[in-house]
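**Q** run_32.pdb is reproduced in full below (PDB, C-alpha atoms).
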ATOM      1  CA  MET A   1     -10.658 -16.733   9.200
ATOM      2  CA  ARG A   2     -10.922 -17.892   5.628
ATOM      3  CA  GLY A   3      -9.070 -20.489   3.622
ATOM      4  CA  TYR A   4      -9.715 -22.294   0.371
ATOM      5  CA  VAL A   5      -9.974 -25.719  -1.235
ATOM      6  CA  ASP A   6      -7.076 -26.310  -3.627
ATOM      7  CA  GLU A   7      -7.126 -27.964  -7.048
ATOM      8  CA  TYR A   8      -6.626 -31.397  -5.387
ATOM      9  CA  GLY A   9      -9.654 -30.983  -3.095
ATOM     10  CA  GLN A  10      -7.538 -30.264  -0.007
ATOM     11  CA  PRO A  11      -8.778 -27.602   2.441
ATOM     12  CA  ARG A  12      -6.027 -25.079   3.271
ATOM     13  CA  ALA A  13      -5.415 -22.169   5.627
ATOM     14  CA  GLU A  14      -2.456 -19.925   6.423
ATOM     15  CA  ILE A  15      -0.532 -20.051   9.684
ATOM     16  CA  SER A  16       2.578 -18.141  10.720
ATOM     17  CA  ALA A  17       5.246 -20.005  12.671
ATOM     18  CA  THR A  18       8.211 -18.532  14.537
ATOM     19  CA  GLY A  19      11.365 -20.140  15.884
ATOM     20  CA  VAL A  20      14.510 -18.616  17.363
ATOM     21  CA  ARG A  21      15.909 -17.641  13.947
ATOM     22  CA  GLU A  22      13.007 -16.700  11.729
ATOM     23  CA  SER A  23       9.257 -16.432  11.124
ATOM     24  CA  ILE A  24       7.434 -17.783   8.106
ATOM     25  CA  THR A  25       3.840 -17.993   6.898
ATOM     26  CA  VAL A  26       2.844 -21.342   5.410
ATOM     27  CA  ASP A  27      -0.173 -22.436   3.428
ATOM     28  CA  ALA A  28      -1.091 -25.595   5.371
ATOM     29  CA  ILE A  29      -3.428 -28.458   4.537
ATOM     30  CA  ILE A  30      -6.168 -28.776   7.163
ATOM     31  CA  ASP A  31      -5.822 -32.414   8.236
ATOM     32  CA  THR A  32      -8.692 -33.539  10.464
ATOM     33  CA  GLY A  33      -6.968 -36.915  10.885
ATOM     34  CA  PHE A  34      -3.986 -35.220  12.582
ATOM     35  CA  ASN A  35      -4.719 -34.414  16.236
ATOM     36  CA  GLY A  36      -1.524 -32.401  16.750
ATOM     37  CA  GLU A  37      -1.226 -28.689  16.168
ATOM     38  CA  LEU A  38       1.198 -28.139  13.284
ATOM     39  CA  CYS A  39       3.407 -30.412  11.209
ATOM     40  CA  LEU A  40       6.102 -28.730   9.120
ATOM     41  CA  PRO A  41       8.487 -29.996   6.456
ATOM     42  CA  THR A  42      11.914 -30.563   7.997
ATOM     43  CA  GLN A  43      13.626 -27.909   5.853
ATOM     44  CA  ILE A  44      11.219 -25.221   7.120
ATOM     45  CA  ALA A  45      11.731 -26.302  10.748
ATOM     46  CA  VAL A  46      15.517 -26.032  10.345
ATOM     47  CA  GLN A  47      15.111 -22.569   8.785
ATOM     48  CA  LEU A  48      12.988 -21.421  11.750
ATOM     49  CA  GLY A  49      15.359 -22.738  14.426
ATOM     50  CA  LEU A  50      12.778 -24.576  16.533
ATOM     51  CA  GLU A  51      13.384 -25.728  20.120
ATOM     52  CA  LEU A  52      13.206 -29.501  20.702
ATOM     53  CA  SER A  53      10.685 -30.220  23.451
ATOM     54  CA  ALA A  54       9.894 -33.951  23.567
ATOM     55  CA  THR A  55       9.379 -37.195  21.702
ATOM     56  CA  GLN A  56       6.126 -39.083  21.411
ATOM     57  CA  MET A  57       4.670 -42.088  19.633
ATOM     58  CA  ALA A  58       2.373 -41.303  16.729
ATOM     59  CA  GLU A  59       0.115 -43.576  14.709
ATOM     60  CA  LEU A  60       0.322 -43.009  10.960
ATOM     61  CA  ALA A  61      -2.616 -43.366   8.562
ATOM     62  CA  ASP A  62      -1.560 -46.956   7.727
ATOM     63  CA  GLY A  63      -1.572 -47.927  11.428
ATOM     64  CA  THR A  64       2.206 -47.901  11.789
ATOM     65  CA  MET A  65       3.513 -46.518  15.093
ATOM     66  CA  GLN A  66       6.447 -44.143  14.830
ATOM     67  CA  ARG A  67       8.420 -42.068  17.335
ATOM     68  CA  GLU A  68       8.380 -38.399  16.405
ATOM     69  CA  LEU A  69      10.187 -35.332  17.665
ATOM     70  CA  ILE A  70       8.071 -32.480  19.040
ATOM     71  CA  PHE A  71       9.351 -28.917  18.812
ATOM     72  CA  ILE A  72       8.072 -25.702  20.370
ATOM     73  CA  GLY A  73       7.511 -22.526  18.422
ATOM     74  CA  ARG A  74       5.172 -19.564  18.329
ATOM     75  CA  GLY A  75       2.330 -19.392  15.883
ATOM     76  CA  VAL A  76      -0.241 -16.905  14.678
ATOM     77  CA  PHE A  77      -3.487 -18.586  13.714
ATOM     78  CA  ASP A  78      -6.866 -16.898  13.335
ATOM     79  CA  GLY A  79      -5.317 -13.604  14.453
ATOM     80  CA  ARG A  80      -3.992 -14.920  17.793
ATOM     81  CA  GLU A  81      -0.380 -15.593  18.702
ATOM     82  CA  ARG A  82       0.299 -18.598  20.909
ATOM     83  CA  ARG A  83       2.825 -21.286  21.773
ATOM     84  CA  ILE A  84       2.409 -24.271  19.453
ATOM     85  CA  GLU A  85       3.744 -27.805  19.318
ATOM     86  CA  ILE A  86       5.283 -28.629  15.961
ATOM     87  CA  SER A  87       6.108 -32.053  14.579
ATOM     88  CA  LEU A  88       8.147 -32.698  11.441
ATOM     89  CA  THR A  89       7.446 -34.372   8.120
ATOM     90  CA  GLY A  90       9.712 -35.482   5.313
ATOM     91  CA  GLY A  91       6.983 -34.383   2.890
ATOM     92  CA  GLN A  92       6.542 -30.999   1.225
ATOM     93  CA  ASP A  93       3.242 -29.921   2.787
ATOM     94  CA  ALA A  94       2.600 -28.311   6.155
ATOM     95  CA  LEU A  95      -0.349 -29.824   8.042
ATOM     96  CA  LEU A  96      -2.661 -27.918  10.346
ATOM     97  CA  GLY A  97      -4.146 -30.349  12.866
ATOM     98  CA  THR A  98      -7.203 -30.452  15.056
ATOM     99  CA  GLY A  99      -5.145 -29.323  18.057
ATOM    100  CA  LEU A 100      -5.360 -25.799  16.617
ATOM    101  CA  LEU A 101      -9.046 -26.169  15.765
ATOM    102  CA  GLU A 102     -10.238 -26.819  19.326
ATOM    103  CA  ASN A 103     -12.985 -24.359  20.224
ATOM    104  CA  LYS A 104     -13.433 -23.515  16.527
ATOM    105  CA  ALA A 105     -16.053 -24.348  13.944
ATOM    106  CA  LEU A 106     -14.679 -25.559  10.609
ATOM    107  CA  GLU A 107     -16.851 -25.220   7.509
ATOM    108  CA  ILE A 108     -15.664 -26.558   4.162
ATOM    109  CA  ASP A 109     -17.764 -25.840   1.069
ATOM    110  CA  PHE A 110     -16.258 -28.041  -1.615
ATOM    111  CA  PRO A 111     -18.437 -26.809  -4.516
ATOM    112  CA  LYS A 112     -17.561 -23.181  -3.718
ATOM    113  CA  ARG A 113     -13.946 -24.118  -2.787
ATOM    114  CA  THR A 114     -14.106 -22.120   0.433
ATOM    115  CA  VAL A 115     -13.030 -22.802   4.015
ATOM    116  CA  GLU A 116     -14.182 -20.847   7.028
ATOM    117  CA  ILE A 117     -12.841 -21.216  10.560
ATOM    118  CA  ARG A 118     -14.837 -19.439  13.300
TER     119      ARG A 118
END
For the file at hand, write its structure as C-alpha cells.
**A**
Amino acid sequence: MRGYVDEYGQPRAEISATGVRESITVDAIIDTGFNGELCLPTQIAVQLGLELSATQMAELADGTMQRELIFIGRGVFDGRERRIEISLTGGQDALLGTGLLENKALEIDFPKRTVEIR
C-alpha cells in the first residue's frame, strides 16, 4: 500500500471507514505516537453512524490524561476489511495509529515524499 508525505511533512495514507449509515474514505495522517487504530473528526463519525463501544483513558501529547469514547466500525486498510476501534477528535484531520500498523512495515522517504506500508 502506498501513501505520500504532504506539504507539511506529514505521512498520509487512505483508509475507508463504515458505520451503520454510511462509508467514507479518508486521507489520514499516519501518527506513530497514537497507539489506537483510527481517530476521526467528530463530524465524520456522526455522518457514519458509529456504534459506541467503551470509554478509556488516553494520554495526550502534553501528558494530560483524558477520557475518550471508543466506537466500533468497519474499515478497509491495505486491501483488507476488518472491525476497527475508532476514537474521536475535535480537529479536522483523521489519524491512522499504530494499532492498524501491527504486523506491517512502514517506510517513509521524506526526500521522495513517499510512504509504503507492507
**Q** Need to verify the contact set: Asp27 in chain A, 9 Å, only C-alpha atoms, exclusion of same-chain residues closer than 5 positions in sequence. Can you return it as an MDAnalysis selection string?
**A** chainID A and resid 12:16 93:95
**Q** For a test of reading the model, state the distance in Å between CA of Lys104 in chain A and CA of Gly3 in chain A, rounded to one decimal.
**A**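 Interatomic distance, CA of Lys104 in chain A to CA of Gly3 in chain A: 14.0 Å.
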**Q** Extract, using all atoms listed in the file, all DNA, RNA and protein residues at most 6 Å from Leu88 in chain A, discarding same-chain residues fewer than 2 positions from it, and format them as a PyMOL selection string.
**A** chain A and resi 39-42
**Q** Just to confirm, what's the straight-line distance from CA of Ile117 in chain A to CA of Met1 in chain A in Å (one decimal)?
**A**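 These two atoms are separated by 5.2 Å.
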**Q** Which of these residues is nearest to Ile44 in chain A, using all atoms listed in the file: A:Gln92, A:Gln10, A:Thr32, A:Ile72?
**A**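 Among the listed residues, the smallest separation from Ile44 in chain A belongs to A:Gln92.
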**Q** Which value, in Å to one decimal, gives the distance between CA of Glu51 in chain A and CA of Arg82 in chain A?
**A**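 Calculated distance between CA of Glu51 in chain A and CA of Arg82 in chain A is 14.9 Å.
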**Q** Please identify all polymer residues within 8 Å of Leu106 in chain A, counting only C-alpha atoms, omitting same-chain residues fewer than 2 positions from it, and present them as a list in words.
**A**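 Non-adjacent residues within range: Leu101, Lys104, Ile108, Val115, Glu116, Ile117 and Arg118 of chain A.
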**Q** So that I can check the surroundings of Leu52 in chain A, please list as a ChimeraX atom specification every protein, DNA and RNA residue that reaches within 10 Å of it, counting all atoms listed in the file and ignoring chain neighbours fewer than 4 positions away.
**A** /A:69-73,85-87
**Q** Grab the residues selected above and save them as a PDB file, in the coordinates of the input with C-alpha atoms.
**A**
ATOM      1  CA  LEU A  69      10.187 -35.332  17.665  1.00  0.00           C
ATOM      2  CA  ILE A  70       8.071 -32.480  19.040  1.00  0.00           C
ATOM      3  CA  PHE A  71       9.351 -28.917  18.812  1.00  0.00           C
ATOM      4  CA  ILE A  72       8.072 -25.702  20.370  1.00  0.00           C
ATOM      5  CA  GLY A  73       7.511 -22.526  18.422  1.00  0.00           C
ATOM      6  CA  GLU A  85       3.744 -27.805  19.318  1.00  0.00           C
ATOM      7  CA  ILE A  86       5.283 -28.629  15.961  1.00  0.00           C
ATOM      8  CA  SER A  87       6.108 -32.053  14.579  1.00  0.00           C
TER       9      SER A  87
END
**Q** Could you expand the PyMOL selection byres ((chain A and resi 68) around 6) into the explicit residues it covers here, written as a PyMOL selection string?
**A** chain A and resi 55-56+67+69
**Q** Any chance you could work out the residue set of the PyMOL selection byres ((chain A and resi 18) around 8) here, as a list of chain:residue names?
**A**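 With the PyMOL selection byres ((chain A and resi 18) around 8) on this model, the match is A:Ser16, A:Ala17, A:Gly19, A:Val20, A:Arg21, A:Glu22, A:Ser23, A:Ile24, A:Leu48, A:Leu50, A:Gly73, A:Arg74, A:Gly75.
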**Q** Once 6 Å is added on each side, what are the centre and the three edge lengths, in Å to one decimal, of the axis-aligned box enclosing the listed atoms of range 94-107 of chain A? Present them as lines of an AutoDock Vina configuration file.
**A**
center_x = -7.1
center_y = -27.0
center_z = 13.2
size_x = 31.5
size_y = 18.9
size_z = 26.1
